[in-house]
file start_31.cif (mmCIF, C-alpha atoms)
data_work
#
loop_
_atom_site.label_atom_id
_atom_site.label_comp_id
_atom_site.auth_asym_id
_atom_site.auth_seq_id
_atom_site.Cartn_x
_atom_site.Cartn_y
_atom_site.Cartn_z
CA VAL A 1 6.45 62.48 64.11
CA GLN A 2 6.15 60.56 67.39
CA LYS A 3 2.77 62.03 68.33
CA VAL A 4 0.94 62.45 65.01
CA ASN A 5 -0.34 59.78 62.61
CA SER A 6 2.43 58.76 60.19
CA VAL A 7 0.25 59.20 57.09
CA ILE A 8 -0.56 62.79 58.06
CA ILE A 9 3.12 63.56 58.70
CA LEU A 10 4.08 61.92 55.39
CA VAL A 11 1.52 64.00 53.46
CA ILE A 12 2.69 67.21 55.17
CA GLY A 13 6.33 66.28 54.50
CA LEU A 14 5.57 65.51 50.85
CA ALA A 15 3.76 68.85 50.45
CA ILE A 16 6.77 70.67 51.91
CA TYR A 17 9.04 68.65 49.61
CA VAL A 18 7.04 69.56 46.48
CA VAL A 19 7.02 73.27 47.36
CA ALA A 20 10.72 73.20 48.30
CA TYR A 21 11.60 71.42 45.05
CA TYR A 22 9.68 74.02 43.06
CA VAL A 23 11.35 76.87 44.95
CA ARG A 24 14.81 75.36 44.61
CA PHE A 25 14.70 74.58 40.89
CA LYS A 26 11.95 76.70 39.35
CA VAL A 27 11.93 80.02 41.23
CA ASP A 28 14.63 82.50 40.33
CA THR A 29 15.03 84.46 43.53
CA SER A 30 17.62 86.26 45.55
CA ASN A 31 15.45 86.12 48.68
CA TYR A 32 17.65 84.61 51.40
CA PHE A 33 14.84 82.61 53.02
CA LEU A 34 13.54 81.16 49.76
CA VAL A 35 17.05 80.18 48.67
CA ARG A 36 17.53 78.34 51.99
CA PHE A 37 14.01 76.88 52.05
CA GLY A 38 14.57 74.78 48.90
CA PRO A 39 17.36 72.52 50.22
CA PHE A 40 15.88 72.55 53.73
CA GLY A 41 12.42 71.44 52.63
CA MET A 42 13.79 68.71 50.38
CA THR A 43 16.06 67.40 53.11
CA LEU A 44 13.33 67.61 55.76
CA PHE A 45 11.17 65.14 53.81
CA GLU A 46 13.99 62.58 53.72
CA TYR A 47 14.42 63.02 57.48
CA ILE A 48 10.68 62.54 58.02
CA ILE A 49 10.75 59.31 56.00
CA GLY A 50 13.58 58.03 58.22
CA CYS A 51 11.67 58.97 61.38
CA ILE A 52 8.54 57.22 60.15
CA PHE A 53 10.51 54.09 59.25
CA TYR A 54 12.01 54.09 62.75
CA LYS A 55 8.73 54.84 64.55
CA ASN A 56 6.84 52.06 62.75
CA SER A 57 9.71 49.51 62.58
CA ILE A 58 9.20 49.32 58.82
CA PHE A 59 12.59 47.71 58.13
CA SER A 60 11.78 44.88 60.56
CA LYS A 61 8.35 44.33 59.01
CA LEU A 62 9.73 44.36 55.46
CA TYR A 63 12.55 42.01 56.49
CA LYS A 64 10.04 39.45 57.83
CA ILE A 65 8.25 39.49 54.48
CA TRP A 66 11.60 39.32 52.64
CA GLU A 67 12.76 36.26 54.59
CA LYS A 68 9.58 34.36 53.69
CA LEU A 69 10.16 34.79 49.95
CA PRO A 70 12.00 32.02 48.05
CA LYS A 71 15.64 32.88 47.36
CA ALA A 72 15.14 32.85 43.56
CA ILE A 73 12.38 35.46 43.84
CA ARG A 74 14.57 37.62 46.11
CA ILE A 75 17.45 37.49 43.63
CA ILE A 76 15.35 38.12 40.52
CA GLY A 77 13.24 40.75 42.28
CA SER A 78 16.32 42.59 43.54
CA ILE A 79 17.90 42.64 40.09
CA VAL A 80 14.67 43.84 38.46
CA ILE A 81 14.15 46.58 41.08
CA PHE A 82 17.77 47.75 40.93
CA VAL A 83 17.97 47.80 37.11
CA SER A 84 14.52 49.42 36.86
CA LEU A 85 15.51 52.13 39.33
CA LEU A 86 18.77 52.68 37.49
CA PHE A 87 17.10 53.05 34.08
CA ILE A 88 14.05 54.96 35.26
CA ARG A 89 16.16 57.31 37.37
CA THR A 90 18.76 58.01 34.68
CA LEU A 91 16.81 57.77 31.42
CA PHE A 92 13.22 58.74 32.13
CA ILE A 93 13.19 60.85 35.28
CA PRO A 94 16.66 62.45 35.56
CA THR A 95 15.60 64.72 38.38
CA LEU A 96 16.22 65.04 42.08
CA PHE A 97 12.47 64.87 42.67
CA VAL A 98 12.47 61.06 42.83
CA ALA A 99 15.77 60.81 44.72
CA PRO A 100 14.19 59.96 48.10
CA ILE A 101 12.23 57.09 46.56
CA SER A 102 15.07 55.62 44.50
CA GLY A 103 17.51 56.06 47.37
CA LEU A 104 15.12 54.38 49.80
CA MET A 105 14.58 51.39 47.48
CA ILE A 106 18.31 50.85 47.01
CA MET A 107 18.86 51.21 50.76
CA ILE A 108 16.19 48.59 51.47
CA LEU A 109 17.69 46.15 48.97
CA PHE A 110 21.19 46.71 50.34
CA HIS A 111 19.98 46.30 53.92
CA PHE A 112 18.34 42.92 53.23
CA TRP A 113 21.22 41.15 51.50
CA ARG A 114 23.91 39.49 53.59
CA LYS A 115 27.27 41.18 53.22
CA PRO A 116 30.84 40.12 54.01
CA LYS A 117 31.86 40.89 57.59
CA PHE A 118 34.26 43.73 56.63
CA VAL A 119 31.52 45.42 54.58
CA GLU A 120 29.10 45.04 57.50
CA MET A 121 31.68 46.52 59.91
CA ALA A 122 32.36 49.47 57.59
CA PHE A 123 28.65 50.23 57.35
CA LEU A 124 28.18 49.86 61.10
CA PHE A 125 30.98 52.39 61.61
CA VAL A 126 29.44 54.86 59.15
CA GLY A 127 25.97 54.10 60.54
CA ASN A 128 27.14 55.12 63.99
CA HIS A 129 27.79 58.59 62.57
CA SER A 130 25.09 58.63 59.86
CA THR A 131 22.74 61.15 61.48
CA ASN A 132 25.57 63.61 62.09
CA ILE A 133 26.93 63.04 58.56
CA TRP A 134 23.49 63.68 57.11
CA LEU A 135 22.85 66.74 59.27
CA THR A 136 26.21 68.40 58.53
CA HIS A 137 27.19 67.45 54.98
CA MET A 138 25.40 70.36 53.29
CA PHE A 139 27.52 72.85 55.24
CA PHE A 140 30.57 71.74 53.27
CA TYR A 141 29.24 72.10 49.76
CA HIS A 142 26.27 74.41 49.97
CA THR A 143 25.81 76.60 53.04
CA LEU A 144 28.67 77.69 55.26
CA PHE A 145 31.85 76.41 53.63
CA VAL A 146 30.55 76.72 50.06
CA ASN A 147 32.38 74.45 47.62
CA LEU A 148 35.01 73.38 50.19
CA VAL A 149 34.78 69.71 49.26
CA TYR A 150 35.01 70.45 45.54
CA ASN A 151 38.67 71.32 46.07
CA ALA A 152 39.27 67.57 45.79
CA TYR A 153 38.24 67.83 42.06
CA GLU A 154 37.50 64.14 41.27
CA PRO A 155 34.05 62.79 42.27
CA ILE A 156 35.35 59.86 44.35
CA LEU A 157 37.84 62.15 46.12
CA ILE A 158 35.10 64.73 46.74
CA TYR A 159 32.95 61.99 48.27
CA LEU A 160 35.78 60.66 50.46
CA PHE A 161 36.77 64.19 51.53
CA MET A 162 33.16 64.97 52.46
CA LEU A 163 32.89 61.69 54.37
CA ALA A 164 36.14 62.32 56.26
CA ILE A 165 35.14 65.87 57.22
CA THR A 166 31.65 64.90 58.38
CA ILE A 167 32.88 61.89 60.38
CA ALA A 168 35.52 64.06 62.08
CA LEU A 169 32.79 66.60 62.86
CA SER A 170 30.57 63.78 64.12
CA TYR A 171 33.20 62.83 66.69
CA ILE A 172 33.30 66.45 67.88
CA LEU A 173 29.49 66.59 68.04
CA LYS A 174 29.38 63.33 70.02
CA LEU A 175 31.88 64.78 72.53
CA ILE A 176 29.54 67.74 72.99
CA MET A 177 26.30 65.74 72.97
CA TYR A 178 27.37 62.95 75.34
CA PRO A 179 27.41 65.05 78.54
CA ILE A 180 24.19 66.79 77.51
CA ASN A 181 22.41 63.48 76.84
CA LYS A 182 23.72 62.08 80.12
CA LEU A 183 22.39 65.13 81.97
CA PHE A 184 18.92 64.70 80.43
CA LYS A 185 18.85 60.96 81.20
CA ASN A 186 19.79 61.66 84.84
CA ASN A 187 17.05 64.31 85.10
CA LYS A 188 14.45 61.86 83.77
CA LYS A 189 15.48 59.23 86.34
CA GLU A 190 15.17 61.77 89.16
CA LYS A 191 11.65 62.75 88.06
CA ILE A 192 10.54 59.10 87.86
CA VAL A 193 11.83 58.33 91.37
#
call {"tool": "encode", "arguments": {"input": "start_31.cif", "output": "structure tokens"}}
result
Amino acid sequence: VQKVNSVIILVIGLAIYVVAYYVRFKVDTSNYFLVRFGPFGMTLFEYIIGCIFYKNSIFSKLYKIWEKLPKAIRIIGSIVIFVSLLFIRTLFIPTLFVAPISGLMIMILFHFWRKPKFVEMAFLFVGNHSTNIWLTHMFFYHTLFVNLVYNAYEPILIYLFMLAITIALSYILKLIMYPINKLFKNNKKEKIV
């Protein structure tokens, strides 16, 4: 993603996503690799989108445009986008295929509106662990510990249980990654000098 044109990476990621979606929901297979490819390919595309947004500072660019808009247009536009996404997503396209797009739009809207300090702090805390949460959450409902989180029964409890497990695991991963990252940073400094 860092070295190749973002449009090319996006097209490749979308192609993988389409094939993975087809494999996951349309192909009846017991082949281990195909069964694993579906969720992997769909998740990979979301990761690629995040990398491209980071590489090209897209949030910063969109925020500059957002700040120039009159407040009334921001409010009306946000409501129209949110309600449209809600209705389109639930009534007309009730499929996971559009999940990355609808999720991204809601994330952008949420990111641009000012929030109370406690909400901001909660999201900063979760954001500090977000990559690890995203990378590990499927282990607890789909891959290694199949259906573990569903022991909580109620959807909100399942969500909170999943969040608690993945944040705890994130702390463990950070304890492991910190010395490794420090070692790599020290090696880079030695090579530069």
call {"tool": "atom_distance", "arguments": {"input": "start_31.cif", "atom1": "atom CA of Ile73 of chain A", "atom2": "atom CA of Ser60 of chain A"}}
result
19.2 Å
call {"tool": "atom_distance", "arguments": {"input": "start_31.cif", "atom1": "atom CA of Phe184 of chain A", "atom2": "atom CA of Val4 of chain A"}}
result
23.8 Å
call {"tool": "resolve_selection", "arguments": {"input": "start_31.cif", "expression": "the PyMOL selection byres ((chain A and resi 139) around 12)", "output": "list in words"}}
result
Arg36, Pro39, Phe40, Asn132, Ile133, Trp134, Leu135, Thr136, His137, Met138, Phe140, Tyr141, His142, Thr143, Leu144, Phe145, Val146, Asn147, Leu148, Val149, Met162, Ile165, Thr166 and Leu169 of chain A
call {"tool": "write_last_selection", "arguments": {"input": "start_31.cif", "atoms": "C-alpha atoms", "output": "PDB file, in the frame of the given file"}}
result
ATOM      1  CA  ARG A  36      17.530  78.340  51.990  1.00  0.00           C
ATOM      2  CA  PRO A  39      17.360  72.520  50.220  1.00  0.00           C
ATOM      3  CA  PHE A  40      15.880  72.550  53.730  1.00  0.00           C
ATOM      4  CA  ASN A 132      25.570  63.610  62.090  1.00  0.00           C
ATOM      5  CA  ILE A 133      26.930  63.040  58.560  1.00  0.00           C
ATOM      6  CA  TRP A 134      23.490  63.680  57.110  1.00  0.00           C
ATOM      7  CA  LEU A 135      22.850  66.740  59.270  1.00  0.00           C
ATOM      8  CA  THR A 136      26.210  68.400  58.530  1.00  0.00           C
ATOM      9  CA  HIS A 137      27.190  67.450  54.980  1.00  0.00           C
ATOM     10  CA  MET A 138      25.400  70.360  53.290  1.00  0.00           C
ATOM     11  CA  PHE A 140      30.570  71.740  53.270  1.00  0.00           C
ATOM     12  CA  TYR A 141      29.240  72.100  49.760  1.00  0.00           C
ATOM     13  CA  HIS A 142      26.270  74.410  49.970  1.00  0.00           C
ATOM     14  CA  THR A 143      25.810  76.600  53.040  1.00  0.00           C
ATOM     15  CA  LEU A 144      28.670  77.690  55.260  1.00  0.00           C
ATOM     16  CA  PHE A 145      31.850  76.410  53.630  1.00  0.00           C
ATOM     17  CA  VAL A 146      30.550  76.720  50.060  1.00  0.00           C
ATOM     18  CA  ASN A 147      32.380  74.450  47.620  1.00  0.00           C
ATOM     19  CA  LEU A 148      35.010  73.380  50.190  1.00  0.00           C
ATOM     20  CA  VAL A 149      34.780  69.710  49.260  1.00  0.00           C
ATOM     21  CA  MET A 162      33.160  64.970  52.460  1.00  0.00           C
ATOM     22  CA  ILE A 165      35.140  65.870  57.220  1.00  0.00           C
ATOM     23  CA  THR A 166      31.650  64.900  58.380  1.00  0.00           C
ATOM     24  CA  LEU A 169      32.790  66.600  62.860  1.00  0.00           C
TER      25      LEU A 169
END
call {"tool": "residues_around", "arguments": {"input": "start_31.cif", "residues": "segment 51-58 of chain A", "least_positions_apart": "5", "cutoff": "7 Å", "atoms": "all atoms listed in the file", "output": "CSV table (one decimal) with C-alpha atoms, in the coordinates of the input"}}
result
chain,number,residue,atom,x,y,z
A,1,VAL,CA,6.4,62.5,64.1
A,2,GLN,CA,6.2,60.6,67.4
A,6,SER,CA,2.4,58.8,60.2
call {"tool": "resolve_selection", "arguments": {"input": "start_31.cif", "expression": "the PyMOL selection byres ((chain A and resi 102-110) around 10)", "output": "list in words"}}
result
Glu46, Ile49, Gly50, Phe59, Leu62, Tyr63, Trp66, Arg74, Gly77, Ser78, Ile79, Ile81, Phe82, Ser84, Leu85, Leu86, Ile88, Arg89, Leu96, Phe97, Val98, Ala99, Pro100, Ile101, His111, Phe112, Trp113, Arg114 and Lys115 of chain A
call {"tool": "atom_distance", "arguments": {"input": "start_31.cif", "atom1": "atom CA of Ser130 of chain A", "atom2": "atom CA of Ile12 of chain A"}}
result
24.4 Å
call {"tool": "axis_aligned_box", "arguments": {"input": "start_31.cif", "around": "segment 32-51 of chain A", "padding_each_side": "5 Å", "output": "JSON"}}
result
{"center_x": 14.2, "center_y": 71.3, "center_z": 55.0, "size_x": 17.0, "size_y": 36.6, "size_z": 22.7}
call {"tool": "residues_around", "arguments": {"input": "start_31.cif", "residues": "Arg24 of chain A", "least_positions_apart": "6", "cutoff": "9 Å", "atoms": "all atoms listed in the file", "output": "list in words"}}
result
Leu34, Val35, Arg36, Phe37, Gly38, Pro39 and Met42 of chain A
